[in-house]
Structures are given as structure tokens and as C-alpha cells.
$ cat final_20.cif   # mmCIF, N, CA and C atoms
data_query
#
loop_
_atom_site.label_atom_id
_atom_site.label_comp_id
_atom_site.auth_asym_id
_atom_site.auth_seq_id
_atom_site.Cartn_x
_atom_site.Cartn_y
_atom_site.Cartn_z
N MET A 1 -15.78 25.18 20.33
CA MET A 1 -15.08 24.46 21.39
C MET A 1 -13.61 24.32 20.99
N ARG A 2 -12.73 24.69 21.87
CA ARG A 2 -11.30 24.65 21.62
C ARG A 2 -10.69 23.45 22.34
N PHE A 3 -9.74 22.81 21.66
CA PHE A 3 -9.02 21.69 22.25
C PHE A 3 -7.57 22.10 22.48
N SER A 4 -6.95 21.42 23.41
CA SER A 4 -5.53 21.68 23.64
C SER A 4 -4.73 21.08 22.47
N LYS A 5 -3.48 21.50 22.33
CA LYS A 5 -2.63 21.01 21.24
C LYS A 5 -2.45 19.50 21.33
N LYS A 6 -2.35 18.98 22.55
CA LYS A 6 -2.17 17.55 22.74
C LYS A 6 -3.39 16.77 22.23
N VAL A 7 -4.59 17.26 22.55
CA VAL A 7 -5.81 16.60 22.13
C VAL A 7 -5.97 16.70 20.61
N GLU A 8 -5.66 17.86 20.04
CA GLU A 8 -5.75 18.02 18.60
C GLU A 8 -4.81 17.05 17.87
N LYS A 9 -3.60 16.89 18.41
CA LYS A 9 -2.63 15.98 17.81
C LYS A 9 -3.12 14.54 17.89
N GLU A 10 -3.72 14.17 19.03
CA GLU A 10 -4.24 12.82 19.20
C GLU A 10 -5.40 12.56 18.24
N ILE A 11 -6.30 13.53 18.09
CA ILE A 11 -7.43 13.38 17.17
C ILE A 11 -6.92 13.21 15.74
N GLN A 12 -5.91 13.97 15.36
CA GLN A 12 -5.35 13.87 14.03
C GLN A 12 -4.72 12.49 13.80
N SER A 13 -4.01 11.96 14.80
CA SER A 13 -3.37 10.65 14.63
C SER A 13 -4.41 9.55 14.53
N VAL A 14 -5.51 9.67 15.30
CA VAL A 14 -6.58 8.68 15.21
C VAL A 14 -7.21 8.72 13.83
N GLY A 15 -7.42 9.90 13.28
CA GLY A 15 -7.97 10.03 11.94
C GLY A 15 -7.07 9.42 10.88
N GLU A 16 -5.77 9.60 11.02
CA GLU A 16 -4.83 9.03 10.06
C GLU A 16 -4.83 7.51 10.15
N ARG A 17 -4.86 6.97 11.37
CA ARG A 17 -4.90 5.51 11.53
C ARG A 17 -6.19 4.94 10.97
N LEU A 18 -7.31 5.62 11.20
CA LEU A 18 -8.59 5.16 10.69
C LEU A 18 -8.56 5.15 9.16
N GLY A 19 -7.99 6.16 8.56
CA GLY A 19 -7.88 6.21 7.10
C GLY A 19 -7.07 5.06 6.55
N SER A 20 -5.94 4.74 7.19
CA SER A 20 -5.12 3.63 6.71
C SER A 20 -5.81 2.29 6.94
N ASP A 21 -6.56 2.17 8.05
CA ASP A 21 -7.31 0.93 8.30
C ASP A 21 -8.40 0.73 7.26
N LEU A 22 -9.11 1.80 6.91
CA LEU A 22 -10.16 1.69 5.91
C LEU A 22 -9.58 1.37 4.54
N GLU A 23 -8.42 1.90 4.23
CA GLU A 23 -7.75 1.59 2.97
C GLU A 23 -7.37 0.12 2.91
N ALA A 24 -6.87 -0.43 4.02
CA ALA A 24 -6.52 -1.86 4.07
C ALA A 24 -7.77 -2.72 3.90
N LEU A 25 -8.87 -2.34 4.51
CA LEU A 25 -10.12 -3.09 4.35
C LEU A 25 -10.60 -3.06 2.90
N ARG A 26 -10.45 -1.93 2.26
CA ARG A 26 -10.89 -1.80 0.87
C ARG A 26 -10.11 -2.75 -0.03
N HIS A 27 -8.82 -2.91 0.22
CA HIS A 27 -7.99 -3.79 -0.60
C HIS A 27 -8.30 -5.26 -0.35
N LYS A 28 -8.76 -5.59 0.85
CA LYS A 28 -9.03 -6.99 1.19
C LYS A 28 -10.48 -7.39 0.95
N ARG A 29 -11.31 -6.45 0.51
CA ARG A 29 -12.72 -6.74 0.31
C ARG A 29 -12.89 -7.77 -0.81
N HIS A 30 -13.82 -8.68 -0.61
CA HIS A 30 -14.07 -9.74 -1.59
C HIS A 30 -15.36 -9.46 -2.34
N ASN A 31 -15.31 -9.50 -3.65
CA ASN A 31 -16.49 -9.35 -4.48
C ASN A 31 -16.72 -10.68 -5.18
N PRO A 32 -17.80 -11.40 -4.85
CA PRO A 32 -17.99 -12.74 -5.42
C PRO A 32 -18.27 -12.74 -6.92
N PHE A 33 -18.54 -11.60 -7.51
CA PHE A 33 -18.86 -11.54 -8.93
C PHE A 33 -17.68 -11.14 -9.79
N ILE A 34 -16.52 -10.97 -9.21
CA ILE A 34 -15.32 -10.63 -9.97
C ILE A 34 -14.31 -11.77 -9.82
N LYS A 35 -13.84 -12.26 -10.97
CA LYS A 35 -12.88 -13.36 -10.97
C LYS A 35 -11.50 -12.85 -10.55
N ASP A 36 -10.58 -13.78 -10.38
CA ASP A 36 -9.23 -13.43 -9.94
C ASP A 36 -8.50 -12.55 -10.95
N ASP A 37 -8.84 -12.68 -12.22
CA ASP A 37 -8.16 -11.88 -13.24
C ASP A 37 -8.81 -10.51 -13.45
N GLY A 38 -9.83 -10.16 -12.64
CA GLY A 38 -10.44 -8.84 -12.70
C GLY A 38 -11.67 -8.75 -13.58
N ARG A 39 -12.01 -9.84 -14.28
CA ARG A 39 -13.19 -9.82 -15.14
C ARG A 39 -14.44 -10.13 -14.32
N VAL A 40 -15.56 -9.58 -14.75
CA VAL A 40 -16.84 -9.82 -14.08
C VAL A 40 -17.35 -11.20 -14.48
N ASP A 41 -17.78 -11.98 -13.48
CA ASP A 41 -18.33 -13.31 -13.72
C ASP A 41 -19.84 -13.18 -13.91
N VAL A 42 -20.27 -13.01 -15.15
CA VAL A 42 -21.67 -12.77 -15.46
C VAL A 42 -22.53 -13.96 -15.06
N ASP A 43 -22.03 -15.16 -15.26
CA ASP A 43 -22.81 -16.36 -14.91
C ASP A 43 -23.11 -16.41 -13.42
N ALA A 44 -22.13 -16.07 -12.60
CA ALA A 44 -22.36 -16.06 -11.14
C ALA A 44 -23.37 -15.00 -10.77
N TYR A 45 -23.33 -13.86 -11.44
CA TYR A 45 -24.27 -12.77 -11.14
C TYR A 45 -25.70 -13.18 -11.53
N ILE A 46 -25.87 -13.76 -12.69
CA ILE A 46 -27.20 -14.20 -13.13
C ILE A 46 -27.72 -15.30 -12.21
N GLN A 47 -26.86 -16.21 -11.81
CA GLN A 47 -27.27 -17.27 -10.89
C GLN A 47 -27.70 -16.68 -9.55
N PHE A 48 -26.98 -15.68 -9.06
CA PHE A 48 -27.36 -15.03 -7.81
C PHE A 48 -28.73 -14.36 -7.94
N LEU A 49 -28.95 -13.61 -9.03
CA LEU A 49 -30.23 -12.94 -9.22
C LEU A 49 -31.38 -13.93 -9.33
N THR A 50 -31.15 -15.04 -10.02
CA THR A 50 -32.18 -16.06 -10.15
C THR A 50 -32.54 -16.65 -8.79
N GLN A 51 -31.53 -16.98 -8.01
CA GLN A 51 -31.79 -17.55 -6.69
C GLN A 51 -32.42 -16.53 -5.76
N TYR A 52 -32.03 -15.27 -5.85
CA TYR A 52 -32.62 -14.24 -5.00
C TYR A 52 -34.09 -14.02 -5.35
N ASN A 53 -34.40 -13.94 -6.64
CA ASN A 53 -35.79 -13.79 -7.04
C ASN A 53 -36.64 -14.97 -6.59
N GLU A 54 -36.07 -16.15 -6.64
CA GLU A 54 -36.79 -17.33 -6.14
C GLU A 54 -37.00 -17.24 -4.64
N PHE A 55 -36.00 -16.75 -3.94
CA PHE A 55 -36.08 -16.61 -2.48
C PHE A 55 -37.19 -15.64 -2.06
N ILE A 56 -37.34 -14.54 -2.80
CA ILE A 56 -38.35 -13.56 -2.41
C ILE A 56 -39.69 -13.81 -3.11
N ASN A 57 -39.83 -14.96 -3.77
CA ASN A 57 -41.06 -15.33 -4.48
C ASN A 57 -41.44 -14.31 -5.54
N HIS A 58 -40.46 -13.86 -6.26
CA HIS A 58 -40.70 -12.89 -7.33
C HIS A 58 -40.87 -13.66 -8.63
N ALA A 59 -42.09 -13.70 -9.13
CA ALA A 59 -42.35 -14.42 -10.38
C ALA A 59 -41.83 -13.59 -11.56
N PRO A 60 -41.14 -14.21 -12.48
CA PRO A 60 -40.67 -13.45 -13.64
C PRO A 60 -41.85 -12.98 -14.49
N LYS A 61 -41.71 -11.78 -15.02
CA LYS A 61 -42.77 -11.23 -15.86
C LYS A 61 -42.67 -11.85 -17.25
N PRO A 62 -43.81 -12.13 -17.86
CA PRO A 62 -43.75 -12.68 -19.22
C PRO A 62 -43.25 -11.63 -20.20
N PHE A 63 -42.58 -12.09 -21.22
CA PHE A 63 -42.03 -11.19 -22.23
C PHE A 63 -43.16 -10.60 -23.06
N ARG A 64 -43.12 -9.29 -23.24
CA ARG A 64 -44.08 -8.60 -24.10
C ARG A 64 -43.29 -7.72 -25.06
N PRO A 65 -43.43 -7.94 -26.35
CA PRO A 65 -42.69 -7.10 -27.29
C PRO A 65 -43.20 -5.67 -27.28
N ILE A 66 -42.33 -4.75 -27.61
CA ILE A 66 -42.70 -3.35 -27.68
C ILE A 66 -43.50 -3.14 -28.97
N VAL A 67 -44.67 -2.52 -28.88
CA VAL A 67 -45.53 -2.38 -30.05
C VAL A 67 -45.58 -0.96 -30.58
N ASP A 68 -44.83 -0.06 -29.99
CA ASP A 68 -44.86 1.32 -30.45
C ASP A 68 -44.14 1.44 -31.79
N HIS A 69 -44.77 2.10 -32.75
CA HIS A 69 -44.19 2.21 -34.09
C HIS A 69 -43.39 3.49 -34.28
N ASP A 70 -43.60 4.48 -33.43
CA ASP A 70 -42.93 5.75 -33.58
C ASP A 70 -42.17 6.06 -32.29
N MET A 71 -41.03 5.39 -32.11
CA MET A 71 -40.27 5.54 -30.87
C MET A 71 -39.19 6.61 -31.07
N ARG A 72 -39.22 7.60 -30.21
CA ARG A 72 -38.22 8.67 -30.25
C ARG A 72 -37.59 8.83 -28.89
N LEU A 73 -36.31 9.12 -28.90
CA LEU A 73 -35.59 9.35 -27.64
C LEU A 73 -35.41 10.82 -27.42
#

$ encode --input "final_20.cif" --output "C-alpha cells"
Amino acid sequence: MRFSKKVEKEIQSVGERLGSDLEALRHKRHNPFIKDDGRVDVDAYIQFLTQYNEFINHAPKPFRPIVDHDMRL
């Protein structure tokens, strides 16, 4: 399917605007697990996981030590 030069130019300008809009959204995106100084807030992440597991009624598995004596990678 062929487009006229005018339509091709319009499609290209819409694509460029969409790219710049998506770039602006990426810069304004908020991540609740990253502090203002760029470090990961591990405590907030663990608290989120704990509350989420409680929300979905996921019981924590009991700790079982590894008993294999000949472990190879």
C-alpha cells in the first residue's frame, strides 16, 4: 500500500512526537523501591513482598537445610 508524501510526512511526525512523549513518561516514572539518591530501598521491597504474600494467603515455607554432600555446579 502506497501513501502520498503528505501522509507519509504526517505519519513520521506522529511517530516522532510519540517517541518524545514516551521518553518524557520514562523520566517521570516513579519506582517506590528506589530512594531519591538512586539507591534501592531493600526494606520497602521486603515489606511489600511480605504484605503481598499475606494478601494472597501464601504461607511461608519452613526452612529446610540442604543435605546434599556432593554438590557440583

$ atom_distance --input "final_20.cif" --atom1 "atom N of Arg26 in chain A" --atom2 "atom C of Ile11 in chain A"
20.6 Å

$ atom_distance --input "final_20.cif" --atom1 "CA of Ser20 in chain A" --atom2 "CA of Arg39 in chain A"
26.9 Å

$ atom_distance --input "final_20.cif" --atom1 "CA of Ile46 in chain A" --atom2 "atom C of Ile34 in chain A"
13.5 Å

$ residues_around --input "final_20.cif" --residues "Tyr45 in chain A" --least-positions-apart "5" --cutoff "8 Å" --atoms "all atoms listed in the file" --output "ChimeraX atom specification"
/A:32-34,40,50-51
